[in-house]
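Take a look at the structure set out below.
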Amino acid sequence: MLLKVENLKVEFYTYRGVVHALNGVNFHLDKGEILGLAGETGSGKSVTSLAIQKLLPPNAKIISGKILFDGIDLVELNEDEMRKIRGKRIATIFQDPHTYLNPVFRIEKQFIDVLLAHDPDIKKVELKKEREKLARAKAIEMLKMVSMPAPERILKMFPHELSGGMKQRVLLALAFSLNPDLIIADEATTALDVTIQSQILDIMEKLRRGKNVSILFITHDLGLIAENCQRIAIMYGGRVVEFGDVKKVLTNPLHPYTQGLINALLRIDKDIKPVSIPGTVPDLVNLPLGCPFYSRCAYALDECNKSFPEPVIVDGVRVNCHLFARK
Amino acid sequence: MEVQNLTKHFPILGGILQRTVGYVYAVNGVNFSINKGETCGLVGESGSGKTTVGKLIVKLLEPTKGKIFFEKNDVTNLKGSDLKLYRRSVQMVFQDPYASLNPRMTVKDMLVEVMRSHKIYEGSEYEYAIKLLERVGMSEEHLYRYPHELSGGQRQRVVIARALCLDPKFIVLDEPTASLDVSVQAQILDLLKELQEKYNYSYLLITHNLAVVKYISKKIIVMYRGIVVEKAETNDLFKEPQHPYTISLLSAIPVPDPTLVRKKIILKGEPPDPIEPIKACPFQDRCPYVMAICKEKSPPEIDLGKGHIVKCWLKA
Ligand SMILES: Nc1ncnc2c1ncn2[C@@H]1O[C@H](COP(=O)(O)OP(=O)(O)OP(=O)(O)O)[C@@H](O)[C@H]1O
Ligand SMILES: Nc1ncnc2c1ncn2[C@@H]1O[C@H](COP(=O)(O)OP(=O)(O)OP(=O)(O)O)[C@@H](O)[C@H]1O
Ligand code: SF4
Ligand SMILES: [Mg+2]
Ligand SMILES: [Mg+2]
């Protein structure tokens with residue numbers, strides 16, 4: 001097992017009060033596995049990925065839980081220790097390429113700086129000129145790998161001169177170039193057309209098989225998860241509410257939220273009208289005591305409003321729902 | 001909205017004198033028209049010029065060539081107060097919701113800023129702001145939040161609310177649901193449909209998600225390298241795609257059914273460099289059916305009837 005997140009709780013302190021963003025997140029990821037992470041907007045997927053990297057903003061705090069990465073609890077590490085892991089062993093493609101790419105520098109500088117700082121092969125070369133030459137060559141090679149047209153020219157451009165999908169490919173190339181053990185891809189292919197998207201997923205699959213890389217693949221596209229992941233985790237209200245084999249979860253969803261999600265899919269392959277889930281997400285400042293899905297759930301029982309359901313394993317799939325606890 | 005021969009070439013500056021040393025051929029002679037109350041989908045490979053077309057329409061960019069007509073008036077060269085008026089009627093929801101929200105302004109400030117700059121609203125700004133948020137499925141609770149305190153999907157809804165603020169007639173939607181979960185996506189698309197029925201909005205919907213186009217849009221345009229390679233009614237295009245690029249695009253759509261095994265057509269070769277001027281067919285280097293003529297002459301636009309148009313030598 002490469003990554004195990006245990007009962008992770010994160011709070012944000014705001015003028016409105018305490019935002020309970022993560023309320024006990026549990027999941028794990030094996031070496032050489034691609035895990036799909038899906039769920040409601042605002043359910044805490046990006047916060048989970050930031051917590052793993054220890055990149056939460058100053059007004060946030062991990063209040064309990066463990067993030068075991070290759071046996072080390074990242075929660076306990078200080079910033080210096082974390083810096084050795086971040087980027088090098090854990091690489092992230094952030095949901096928002098904008099906050100990551102500096103608008104005032106050309107792509108070349110940003111790419112090469114990262115390689116100079118982290119790439120062991122490049123770091124050990126003595127001459128600065130040689131190092132930069134190597135870094136540039138590697139940057140071009142990596143950009144080619146993610147199907148970027150004319151990499152040499154792209155390096156000379158500023159972020160605002162690139163299309164949305166080009167920016168995303170720059171970040172993908174950066175993440176792949178450092179040979180990490182874990183890649184966190186937060187909506188990393190949403191700005192790409194489906195043909196380039198499937199090329200990127202081919203690359204990920206190759207890294208998984210060839211180099212045993214693990215990937216936490218955060219996306220709203222259940223189709224992508226169905227085709228590329230082994231397991232899936234579904235988040236709602238700051239918790240993973242269903243976790244298991246992709247085939248099982250998508251063909252026979254247990255949690256009412258997962259069912260709702262699948263009914264809301266727009267289908268290319270079938271003529272089914274999507275049905276969105278009625279109601280709204282719970283306010284994370286006034287988090288309900290019971291199941292966060294209670295107010296929107298068609299099957300809710302009395303106890304659902306009283307306590308959060310304990311996990312139950314049904315045919316190898318873990319689900320947090322009172323409907324199954326009862327049986 | 002109608003565009004004729006719409007073209008945008010970005011100059012590339014080089015050398016110490018920053019002279020033009022070449023061009024990015026982003027958009028190359030695009031023609032289409034969208035009727036009132038209609039939705040038209042615009043799809044294509046990444047970097048094919050879709051966002052640029054959107055920016056040209058809302059006049060954030062000047063076209064190199066070509067004309068834009070809105071309600072039968074030529075708006076290509078609008079200036080001053082006419083331009084301001086035009087910008088009220090024609091809005092754009094940008095691809096990147098993070099970049100288009102000011103991190104130092106609350107949701108309310110952002111909405112009020114737009115109301116004030118166009119002096120459109122006489123009554124209570126506070127109430128109008130809430131009304132706009134409710135239209136996109138949010139509430140008073142979110143009024144005083146800063147962008148970083150919202151999830152990706154909530155931000156996108158704020159961006160849509162802001163576009164609705166001026167009661168536009170035509171909206172360019174650039175990936176409006178890319179950051180939303182499928183349930184919210186369905187809500188937003190239903191909302192866009194409902195707003196369209198109520199207020200007769202017209203949309204140009206730019207997206208990579210072909211399921212979204214299929215759901216909301218009657219017409220669809222497929223672009224490759226800044227050229228429209230196929231145009232059709234959405235249903236016809238899904239049933240019988242004609243251009244080799246469209247066929248590969250449709251085959252690559254991920255389907256959320258793990259029991260289904262499909263054959264994807266993987267394109268060989270590199271995506272094109274938009275700095276090369278286009279010679280003959282833009283798809284020739286990657287097309288599985290390429291013939292000698294495809295490399296010599298630009299393919300003609302073939303009309304297959306019912307507005308289904310394809311630009312390919314195979315159909316000539
Ligand atoms: N800096 C912050 N201050 C206060 N609240 C925050 C902050 N960042 C995130 N949140 C809140 O934490 C919750 C989880 O947000 P997160 O960004 O992880 O959602 P997500 O699952 O990634 O959603 P999406 O699919 O829309 O990207 C949201 O309710 C959000 O409003
Ligand atoms: N300001 C600019 N200066 C120079 N080149 C630009 C500029 N804006 C866009 N381009 C180039 O124009 C081409 C088309 O970009 P555009 O953003 O329109 O693509 P797109 O179809 O929206 O792609 P995506 O699906 O990835 O968002 C790209 O090659 C891009 O690099
Ligand atoms: S014109 Fe030729 S190269 Fe272009 S798409 Fe048609 S068959 Fe392929
Ligand atoms: Mg997110
Ligand atoms: Mg774009």
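Labels for the structure tokens follow display order: chains A, B, ..., residues from 1 in each chain, ligands from 1.
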Set out as CSV a contact list for chain B and ligand 4 with a cut-off of 10 Å, giving each residue of chain B that qualifies its closest atom pair and distance in Å to one decimal, counting only C-alpha atoms and all ligand atoms, ordered by chain and rising residue number.
residue,atom,partner,partner_atom_place_in_ligand_line,distance
B:Leu150,CA,ligand 4,1 (Mg),9.7
B:Ser151,CA,ligand 4,1 (Mg),6.3
B:Gly152,CA,ligand 4,1 (Mg),5.5
B:Gly153,CA,ligand 4,1 (Mg),8.0
B:Ser179,CA,ligand 4,1 (Mg),7.8
B:Leu180,CA,ligand 4,1 (Mg),9.0
B:Asp181,CA,ligand 4,1 (Mg),9.8
Once you have the residues from the selection above, write them out as a short mmCIF file (atom, residue, chain, number, x, y, z; two decimals), in the first residue's frame, restricted to N, CA, C and O atoms.
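The result, written out as again.cif:
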data_model
loop_
_atom_site.label_atom_id
_atom_site.label_comp_id
_atom_site.auth_asym_id
_atom_site.auth_seq_id
_atom_site.Cartn_x
_atom_site.Cartn_y
_atom_site.Cartn_z
N LEU B 150 -15.12 29.22 -2.06
CA LEU B 150 -16.14 28.47 -2.80
C LEU B 150 -15.48 27.27 -3.46
O LEU B 150 -14.30 27.32 -3.81
N SER B 151 -16.24 26.23 -3.67
CA SER B 151 -15.69 25.09 -4.40
C SER B 151 -15.68 25.45 -5.88
O SER B 151 -16.29 26.44 -6.31
N GLY B 152 -15.01 24.61 -6.67
CA GLY B 152 -14.90 24.87 -8.10
C GLY B 152 -16.27 25.07 -8.75
O GLY B 152 -16.47 25.98 -9.55
N GLY B 153 -17.21 24.22 -8.37
CA GLY B 153 -18.53 24.29 -8.98
C GLY B 153 -19.29 25.55 -8.57
O GLY B 153 -19.99 26.16 -9.38
N SER B 179 -16.14 22.05 -14.58
CA SER B 179 -15.70 21.84 -13.21
C SER B 179 -16.83 21.39 -12.29
O SER B 179 -16.71 21.46 -11.08
N LEU B 180 -17.93 20.96 -12.87
CA LEU B 180 -19.08 20.61 -12.04
C LEU B 180 -19.28 19.10 -11.97
O LEU B 180 -19.04 18.39 -12.94
N ASP B 181 -19.79 18.62 -10.83
CA ASP B 181 -20.11 17.20 -10.79
C ASP B 181 -21.35 16.95 -11.63
O ASP B 181 -22.10 17.89 -11.95
#
*asked:* Tell me as a PyMOL selection string which residues belonging to chain B come within 8 Å of chain A, counting only C-alpha atoms.
replied: chain B and resi 44-47+51+95-96+98-99+150-154+178-184+186-187+208-212+214-215+248-249+252-259+266-267+270-273
*segment 190-207 of chain B: which residues within 9 Å, counting only C-alpha atoms, same-chain residues fewer than 4 positions away excluded, as number ranges by chain?*
A: 191, 193; B: 1, 34-44, 50-51, 54, 95, 135-137, 167-178, 185-186, 212-213, 216-217
Would you export the selected residues with N, CA, C and O atoms as a short mmCIF file (atom, residue, chain, number, x, y, z; two decimals), in the first residue's frame, please?
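After the write, selection_32.cif holds the following:
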data_model
loop_
_atom_site.label_atom_id
_atom_site.label_comp_id
_atom_site.auth_asym_id
_atom_site.auth_seq_id
_atom_site.Cartn_x
_atom_site.Cartn_y
_atom_site.Cartn_z
N ALA A 191 -9.80 20.06 -19.50
CA ALA A 191 -9.71 21.06 -20.57
C ALA A 191 -9.18 20.47 -21.87
O ALA A 191 -8.85 21.19 -22.79
N ASP A 193 -9.49 17.86 -25.27
CA ASP A 193 -10.49 17.14 -26.06
C ASP A 193 -10.28 15.64 -25.87
O ASP A 193 -9.21 15.20 -25.44
N MET B 1 -26.73 35.86 -34.48
CA MET B 1 -25.29 36.08 -34.60
C MET B 1 -24.81 35.38 -35.85
O MET B 1 -25.13 34.22 -36.07
N ILE B 34 -26.15 31.69 -35.90
CA ILE B 34 -26.94 31.13 -34.80
C ILE B 34 -28.20 31.98 -34.67
O ILE B 34 -28.11 33.21 -34.55
N ASN B 35 -29.35 31.33 -34.72
CA ASN B 35 -30.61 32.07 -34.64
C ASN B 35 -30.95 32.44 -33.21
O ASN B 35 -30.41 31.88 -32.25
N LYS B 36 -31.91 33.35 -33.10
CA LYS B 36 -32.38 33.75 -31.78
C LYS B 36 -32.98 32.55 -31.05
O LYS B 36 -33.70 31.75 -31.64
N GLY B 37 -32.65 32.43 -29.77
CA GLY B 37 -33.22 31.35 -28.98
C GLY B 37 -32.64 29.98 -29.27
O GLY B 37 -33.17 28.98 -28.82
N GLU B 38 -31.53 29.95 -30.01
CA GLU B 38 -30.97 28.67 -30.43
C GLU B 38 -29.63 28.43 -29.72
O GLU B 38 -28.95 29.35 -29.33
N THR B 39 -29.28 27.14 -29.57
CA THR B 39 -27.99 26.80 -29.01
C THR B 39 -27.16 26.12 -30.07
O THR B 39 -27.65 25.24 -30.77
N CYS B 40 -25.91 26.55 -30.18
CA CYS B 40 -25.03 25.90 -31.14
C CYS B 40 -23.79 25.44 -30.40
O CYS B 40 -23.16 26.20 -29.67
N GLY B 41 -23.45 24.16 -30.51
CA GLY B 41 -22.27 23.62 -29.85
C GLY B 41 -21.04 23.81 -30.72
O GLY B 41 -21.11 23.69 -31.93
N LEU B 42 -19.91 24.12 -30.07
CA LEU B 42 -18.65 24.25 -30.81
C LEU B 42 -17.64 23.31 -30.16
O LEU B 42 -17.30 23.48 -28.99
N VAL B 43 -17.23 22.28 -30.89
CA VAL B 43 -16.28 21.32 -30.33
C VAL B 43 -15.05 21.27 -31.23
O VAL B 43 -15.06 21.79 -32.34
N GLY B 44 -14.01 20.61 -30.75
CA GLY B 44 -12.81 20.48 -31.57
C GLY B 44 -11.63 20.20 -30.69
O GLY B 44 -11.73 20.28 -29.47
N LYS B 50 -11.23 27.56 -30.48
CA LYS B 50 -12.61 27.74 -30.02
C LYS B 50 -12.75 28.96 -29.12
O LYS B 50 -13.64 29.79 -29.32
N THR B 51 -11.88 29.05 -28.10
CA THR B 51 -11.95 30.20 -27.20
C THR B 51 -11.69 31.49 -27.97
O THR B 51 -12.34 32.51 -27.72
N GLY B 54 -14.79 32.64 -29.55
CA GLY B 54 -15.65 33.24 -28.53
C GLY B 54 -15.21 34.66 -28.21
O GLY B 54 -16.03 35.59 -28.17
N GLN B 95 -13.69 30.03 -19.71
CA GLN B 95 -13.26 28.66 -19.49
C GLN B 95 -12.74 28.44 -18.06
O GLN B 95 -13.02 27.44 -17.45
N ARG B 135 -31.05 32.08 -9.05
CA ARG B 135 -31.22 31.57 -10.41
C ARG B 135 -30.23 30.47 -10.73
O ARG B 135 -30.48 29.62 -11.57
N VAL B 136 -29.05 30.52 -10.13
CA VAL B 136 -28.04 29.51 -10.43
C VAL B 136 -27.91 28.49 -9.29
O VAL B 136 -26.90 27.80 -9.17
N GLY B 137 -28.94 28.42 -8.46
CA GLY B 137 -28.96 27.38 -7.42
C GLY B 137 -28.07 27.66 -6.23
O GLY B 137 -27.64 26.75 -5.54
N ASP B 167 -28.73 40.79 -18.25
CA ASP B 167 -29.81 40.31 -19.09
C ASP B 167 -29.43 40.29 -20.57
O ASP B 167 -30.02 40.97 -21.39
N PRO B 168 -28.40 39.51 -20.90
CA PRO B 168 -27.89 39.52 -22.27
C PRO B 168 -28.83 38.78 -23.22
O PRO B 168 -29.78 38.13 -22.79
N LYS B 169 -28.54 38.90 -24.53
CA LYS B 169 -29.33 38.16 -25.51
C LYS B 169 -28.54 36.97 -26.04
O LYS B 169 -29.11 35.98 -26.46
N PHE B 170 -27.24 37.14 -26.05
CA PHE B 170 -26.40 36.09 -26.61
C PHE B 170 -25.28 35.80 -25.61
O PHE B 170 -24.64 36.71 -25.11
N ILE B 171 -25.07 34.52 -25.30
CA ILE B 171 -24.03 34.18 -24.33
C ILE B 171 -23.08 33.15 -24.92
O ILE B 171 -23.51 32.12 -25.44
N VAL B 172 -21.80 33.47 -24.87
CA VAL B 172 -20.79 32.48 -25.23
C VAL B 172 -20.43 31.73 -23.96
O VAL B 172 -20.00 32.33 -22.98
N LEU B 173 -20.64 30.43 -23.95
CA LEU B 173 -20.36 29.61 -22.77
C LEU B 173 -19.13 28.77 -23.08
O LEU B 173 -19.19 27.85 -23.88
N ASP B 174 -18.00 29.10 -22.46
CA ASP B 174 -16.77 28.36 -22.72
C ASP B 174 -16.58 27.33 -21.61
O ASP B 174 -16.25 27.69 -20.49
N GLU B 175 -16.82 26.08 -21.90
CA GLU B 175 -16.72 24.99 -20.92
C GLU B 175 -17.49 25.31 -19.64
O GLU B 175 -16.94 25.28 -18.55
N PRO B 176 -18.80 25.59 -19.74
CA PRO B 176 -19.52 26.06 -18.56
C PRO B 176 -19.70 25.01 -17.48
O PRO B 176 -19.97 25.35 -16.34
N THR B 177 -19.54 23.75 -17.81
CA THR B 177 -19.78 22.74 -16.77
C THR B 177 -18.58 21.84 -16.54
O THR B 177 -18.69 20.83 -15.87
N ALA B 178 -17.42 22.24 -17.04
CA ALA B 178 -16.26 21.35 -16.92
C ALA B 178 -15.88 21.08 -15.47
O ALA B 178 -15.38 20.02 -15.14
N GLN B 185 -24.01 19.49 -12.95
CA GLN B 185 -23.94 19.71 -14.40
C GLN B 185 -25.33 19.63 -15.01
O GLN B 185 -25.74 20.50 -15.78
N ALA B 186 -26.06 18.58 -14.65
CA ALA B 186 -27.41 18.43 -15.18
C ALA B 186 -28.28 19.61 -14.74
O ALA B 186 -29.06 20.14 -15.53
N VAL B 212 -22.60 16.78 -23.34
CA VAL B 212 -23.23 18.06 -23.02
C VAL B 212 -23.86 18.67 -24.27
O VAL B 212 -25.01 19.11 -24.27
N VAL B 213 -23.12 18.64 -25.37
CA VAL B 213 -23.65 19.18 -26.62
C VAL B 213 -24.88 18.41 -27.04
O VAL B 213 -25.91 18.98 -27.42
N ILE B 216 -27.96 19.51 -24.94
CA ILE B 216 -28.51 20.86 -24.87
C ILE B 216 -28.59 21.56 -26.22
O ILE B 216 -29.27 22.58 -26.38
N SER B 217 -27.92 21.03 -27.23
CA SER B 217 -27.74 21.83 -28.42
C SER B 217 -28.29 21.15 -29.66
O SER B 217 -28.09 19.97 -29.87
#
*Go through segment 135-270 of chain B and collect every residue that DSSP, computed from the backbone, puts in strand (DSSP E); the answer should be as a ChimeraX atom specification.*
/B:170-174,202-206,219-224,227-233
*asked:* Just checking: using only C-alpha atoms, which residue out of B:Val114, B:Thr20, B:Tyr128, B:Leu166 ends up closest to Val90 of chain B?
replied: B:Leu166
_Contact residues around Leu133 of chain B with only C-alpha atoms at 12 Å, ignoring same-chain residues under 3 positions, as an MDAnalysis selection string_ = chainID B and resid 107:108 110:111 126:130 136:144 154:165
Next, the residues of the selection above should be written as a PDB file, in the first residue's frame with N, CA and C atoms.
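Result file follows (again.pdb):
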ATOM      1  N   VAL B 107     -18.555  37.778  -3.563  1.00  0.00           N
ATOM      2  CA  VAL B 107     -19.518  37.490  -4.612  1.00  0.00           C
ATOM      3  C   VAL B 107     -20.424  38.698  -4.831  1.00  0.00           C
ATOM      4  N   LYS B 108     -20.879  39.298  -3.742  1.00  0.00           N
ATOM      5  CA  LYS B 108     -21.788  40.437  -3.862  1.00  0.00           C
ATOM      6  C   LYS B 108     -21.111  41.608  -4.567  1.00  0.00           C
ATOM      7  N   MET B 110     -18.743  41.571  -6.654  1.00  0.00           N
ATOM      8  CA  MET B 110     -18.556  41.302  -8.075  1.00  0.00           C
ATOM      9  C   MET B 110     -19.837  41.535  -8.865  1.00  0.00           C
ATOM     10  N   LEU B 111     -20.944  41.080  -8.300  1.00  0.00           N
ATOM     11  CA  LEU B 111     -22.220  41.264  -8.997  1.00  0.00           C
ATOM     12  C   LEU B 111     -22.586  42.740  -9.046  1.00  0.00           C
ATOM     13  N   TYR B 126     -28.850  44.532  -3.325  1.00  0.00           N
ATOM     14  CA  TYR B 126     -28.763  43.371  -2.463  1.00  0.00           C
ATOM     15  C   TYR B 126     -29.765  42.300  -2.899  1.00  0.00           C
ATOM     16  N   GLU B 127     -31.001  42.741  -3.113  1.00  0.00           N
ATOM     17  CA  GLU B 127     -32.026  41.774  -3.495  1.00  0.00           C
ATOM     18  C   GLU B 127     -31.773  41.191  -4.883  1.00  0.00           C
ATOM     19  N   TYR B 128     -31.304  42.060  -5.789  1.00  0.00           N
ATOM     20  CA  TYR B 128     -31.039  41.567  -7.144  1.00  0.00           C
ATOM     21  C   TYR B 128     -29.904  40.539  -7.119  1.00  0.00           C
ATOM     22  N   ALA B 129     -28.895  40.810  -6.285  1.00  0.00           N
ATOM     23  CA  ALA B 129     -27.769  39.875  -6.180  1.00  0.00           C
ATOM     24  C   ALA B 129     -28.264  38.515  -5.691  1.00  0.00           C
ATOM     25  N   ILE B 130     -29.146  38.529  -4.689  1.00  0.00           N
ATOM     26  CA  ILE B 130     -29.683  37.267  -4.183  1.00  0.00           C
ATOM     27  C   ILE B 130     -30.492  36.564  -5.269  1.00  0.00           C
ATOM     28  N   VAL B 136     -29.050  30.523 -10.127  1.00  0.00           N
ATOM     29  CA  VAL B 136     -28.043  29.506 -10.429  1.00  0.00           C
ATOM     30  C   VAL B 136     -27.906  28.492  -9.291  1.00  0.00           C
ATOM     31  N   GLY B 137     -28.939  28.421  -8.459  1.00  0.00           N
ATOM     32  CA  GLY B 137     -28.958  27.382  -7.425  1.00  0.00           C
ATOM     33  C   GLY B 137     -28.074  27.665  -6.228  1.00  0.00           C
ATOM     34  N   MET B 138     -27.778  28.939  -5.964  1.00  0.00           N
ATOM     35  CA  MET B 138     -27.032  29.276  -4.747  1.00  0.00           C
ATOM     36  C   MET B 138     -27.933  30.145  -3.874  1.00  0.00           C
ATOM     37  N   SER B 139     -27.387  30.662  -2.754  1.00  0.00           N
ATOM     38  CA  SER B 139     -28.268  31.419  -1.885  1.00  0.00           C
ATOM     39  C   SER B 139     -27.534  32.549  -1.181  1.00  0.00           C
ATOM     40  N   GLU B 140     -28.301  33.270  -0.385  1.00  0.00           N
ATOM     41  CA  GLU B 140     -27.813  34.416   0.371  1.00  0.00           C
ATOM     42  C   GLU B 140     -26.531  34.080   1.140  1.00  0.00           C
ATOM     43  N   GLU B 141     -26.489  32.849   1.603  1.00  0.00           N
ATOM     44  CA  GLU B 141     -25.341  32.364   2.382  1.00  0.00           C
ATOM     45  C   GLU B 141     -24.001  32.627   1.678  1.00  0.00           C
ATOM     46  N   HIS B 142     -24.018  32.621   0.352  1.00  0.00           N
ATOM     47  CA  HIS B 142     -22.761  32.733  -0.397  1.00  0.00           C
ATOM     48  C   HIS B 142     -22.400  34.161  -0.773  1.00  0.00           C
ATOM     49  N   LEU B 143     -23.270  35.107  -0.404  1.00  0.00           N
ATOM     50  CA  LEU B 143     -23.145  36.479  -0.872  1.00  0.00           C
ATOM     51  C   LEU B 143     -21.836  37.137  -0.453  1.00  0.00           C
ATOM     52  N   TYR B 144     -21.381  36.877   0.746  1.00  0.00           N
ATOM     53  CA  TYR B 144     -20.202  37.570   1.262  1.00  0.00           C
ATOM     54  C   TYR B 144     -18.953  36.710   1.222  1.00  0.00           C
ATOM     55  N   GLN B 154     -19.127  25.917  -7.303  1.00  0.00           N
ATOM     56  CA  GLN B 154     -19.807  27.129  -6.834  1.00  0.00           C
ATOM     57  C   GLN B 154     -19.267  28.353  -7.563  1.00  0.00           C
ATOM     58  N   ARG B 155     -17.962  28.384  -7.780  1.00  0.00           N
ATOM     59  CA  ARG B 155     -17.372  29.504  -8.517  1.00  0.00           C
ATOM     60  C   ARG B 155     -17.970  29.603  -9.912  1.00  0.00           C
ATOM     61  N   GLN B 156     -18.111  28.436 -10.553  1.00  0.00           N
ATOM     62  CA  GLN B 156     -18.638  28.454 -11.910  1.00  0.00           C
ATOM     63  C   GLN B 156     -20.055  29.025 -11.929  1.00  0.00           C
ATOM     64  N   ARG B 157     -20.826  28.701 -10.904  1.00  0.00           N
ATOM     65  CA  ARG B 157     -22.186  29.249 -10.859  1.00  0.00           C
ATOM     66  C   ARG B 157     -22.166  30.759 -10.683  1.00  0.00           C
ATOM     67  N   VAL B 158     -21.209  31.245  -9.886  1.00  0.00           N
ATOM     68  CA  VAL B 158     -21.104  32.700  -9.716  1.00  0.00           C
ATOM     69  C   VAL B 158     -20.786  33.354 -11.054  1.00  0.00           C
ATOM     70  N   VAL B 159     -19.893  32.735 -11.816  1.00  0.00           N
ATOM     71  CA  VAL B 159     -19.538  33.293 -13.119  1.00  0.00           C
ATOM     72  C   VAL B 159     -20.769  33.347 -14.024  1.00  0.00           C
ATOM     73  N   ILE B 160     -21.588  32.306 -13.964  1.00  0.00           N
ATOM     74  CA  ILE B 160     -22.803  32.310 -14.786  1.00  0.00           C
ATOM     75  C   ILE B 160     -23.765  33.395 -14.288  1.00  0.00           C
ATOM     76  N   ALA B 161     -23.910  33.503 -12.968  1.00  0.00           N
ATOM     77  CA  ALA B 161     -24.793  34.532 -12.408  1.00  0.00           C
ATOM     78  C   ALA B 161     -24.353  35.916 -12.879  1.00  0.00           C
ATOM     79  N   ARG B 162     -23.053  36.130 -12.904  1.00  0.00           N
ATOM     80  CA  ARG B 162     -22.549  37.431 -13.324  1.00  0.00           C
ATOM     81  C   ARG B 162     -22.867  37.708 -14.801  1.00  0.00           C
ATOM     82  N   ALA B 163     -22.783  36.669 -15.611  1.00  0.00           N
ATOM     83  CA  ALA B 163     -23.105  36.853 -17.032  1.00  0.00           C
ATOM     84  C   ALA B 163     -24.586  37.165 -17.223  1.00  0.00           C
ATOM     85  N   LEU B 164     -25.431  36.617 -16.343  1.00  0.00           N
ATOM     86  CA  LEU B 164     -26.872  36.843 -16.467  1.00  0.00           C
ATOM     87  C   LEU B 164     -27.271  38.230 -15.980  1.00  0.00           C
ATOM     88  N   CYS B 165     -26.395  38.844 -15.201  1.00  0.00           N
ATOM     89  CA  CYS B 165     -26.650  40.109 -14.521  1.00  0.00           C
ATOM     90  C   CYS B 165     -27.184  41.186 -15.472  1.00  0.00           C
TER      91      CYS B 165
END
*asked:* Need the shell around Leu56 of chain A: protein/DNA/RNA residues with any atom at most 12 Å away, counting only C-alpha atoms. Skip same-chain ones fewer than 2 positions apart. Format as a list in words?
replied: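 The neighbour list is Val10, Glu11, Phe12, Tyr13, Ala21, Ser46, Val47, Thr48, Ser49, Leu50, Ala51, Ile52, Gln53, Lys54, Pro58, Asn59, Ala60, Lys61, Ile62, Val75 and Glu79 of chain A; His148 of chain B.
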_Residues within 12 Å of Phe105 of chain A, only C-alpha atoms, excluding chain neighbours under 5 positions, as JSON, numbers by chain_ = {"A": [100, 110, 111, 112, 113, 155, 156, 157, 158, 159, 160, 161]}
_When DSSP is applied to the backbone of this structure, which of segment 12-140 of chain B are assigned alpha helix (DSSP H)? Write them out as a PyMOL selection string._
chain B and resi 50-57+80-89+107-117+125-135
*Could the residues that lie within 8 Å of ligand 3, counting only C-alpha atoms and all ligand atoms, be listed as a list in words?*
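Using only C-alpha atoms and all ligand atoms, everything at most 8 Å from ligand 3 comes to His243, Pro244, Tyr245, Cys281, Pro282, Phe283, Gln284, Asp285, Arg286, Cys287, Pro288, Tyr289, Val290, Met291, Ile293, Cys294, Lys295, Ser298, Pro299, Lys311, Cys312, Trp313, Leu314 and Lys315 of chain B.
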*Go through A:Ala325, A:Leu254, A:Lys167, A:Asp121 and flag the residue nearest ligand 5, using only C-alpha atoms and all ligand atoms for the distances.*
A:Lys167
*Using only C-alpha atoms and all ligand atoms, which residue out of A:Pro103, A:Gly237, A:Pro256, A:Pro288 lies closest to ligand 1?*
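Closest residue, counting only C-alpha atoms and all ligand atoms: A:Gly237.
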*Between B:Lys8, B:Glu149, B:Pro63, B:Glu125, which has the minimum distance to ligand 1 (counting only C-alpha atoms and all ligand atoms)?*
B:Glu149
*Which is closest to ligand 2 among B:Glu62, B:Glu134, B:Glu2, B:Glu233, if we use only C-alpha atoms and all ligand atoms?*
B:Glu62
*Distance query segment 85-87 of chain A at most 8 Å, only C-alpha atoms, self and fewer than 4 positions along chain excluded, as a PyMOL selection string*: chain A and resi 53+81+91-92+118+175+178+180
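Nearest to ligand 1 of all the residues B:Arg145, B:Leu13, B:Phe238, B:Leu78 is B:Arg145, counting only C-alpha atoms and all ligand atoms.
For the pair atom CA of Cys291 of chain A and atom CA of Ser307 of chain A, the separation is 6.5 Å.
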*Could you jot down the atom CA of Phe293 of chain A to atom CA of Tyr236 of chain A separation for me, Å, one decimal place?*
7.6 Å
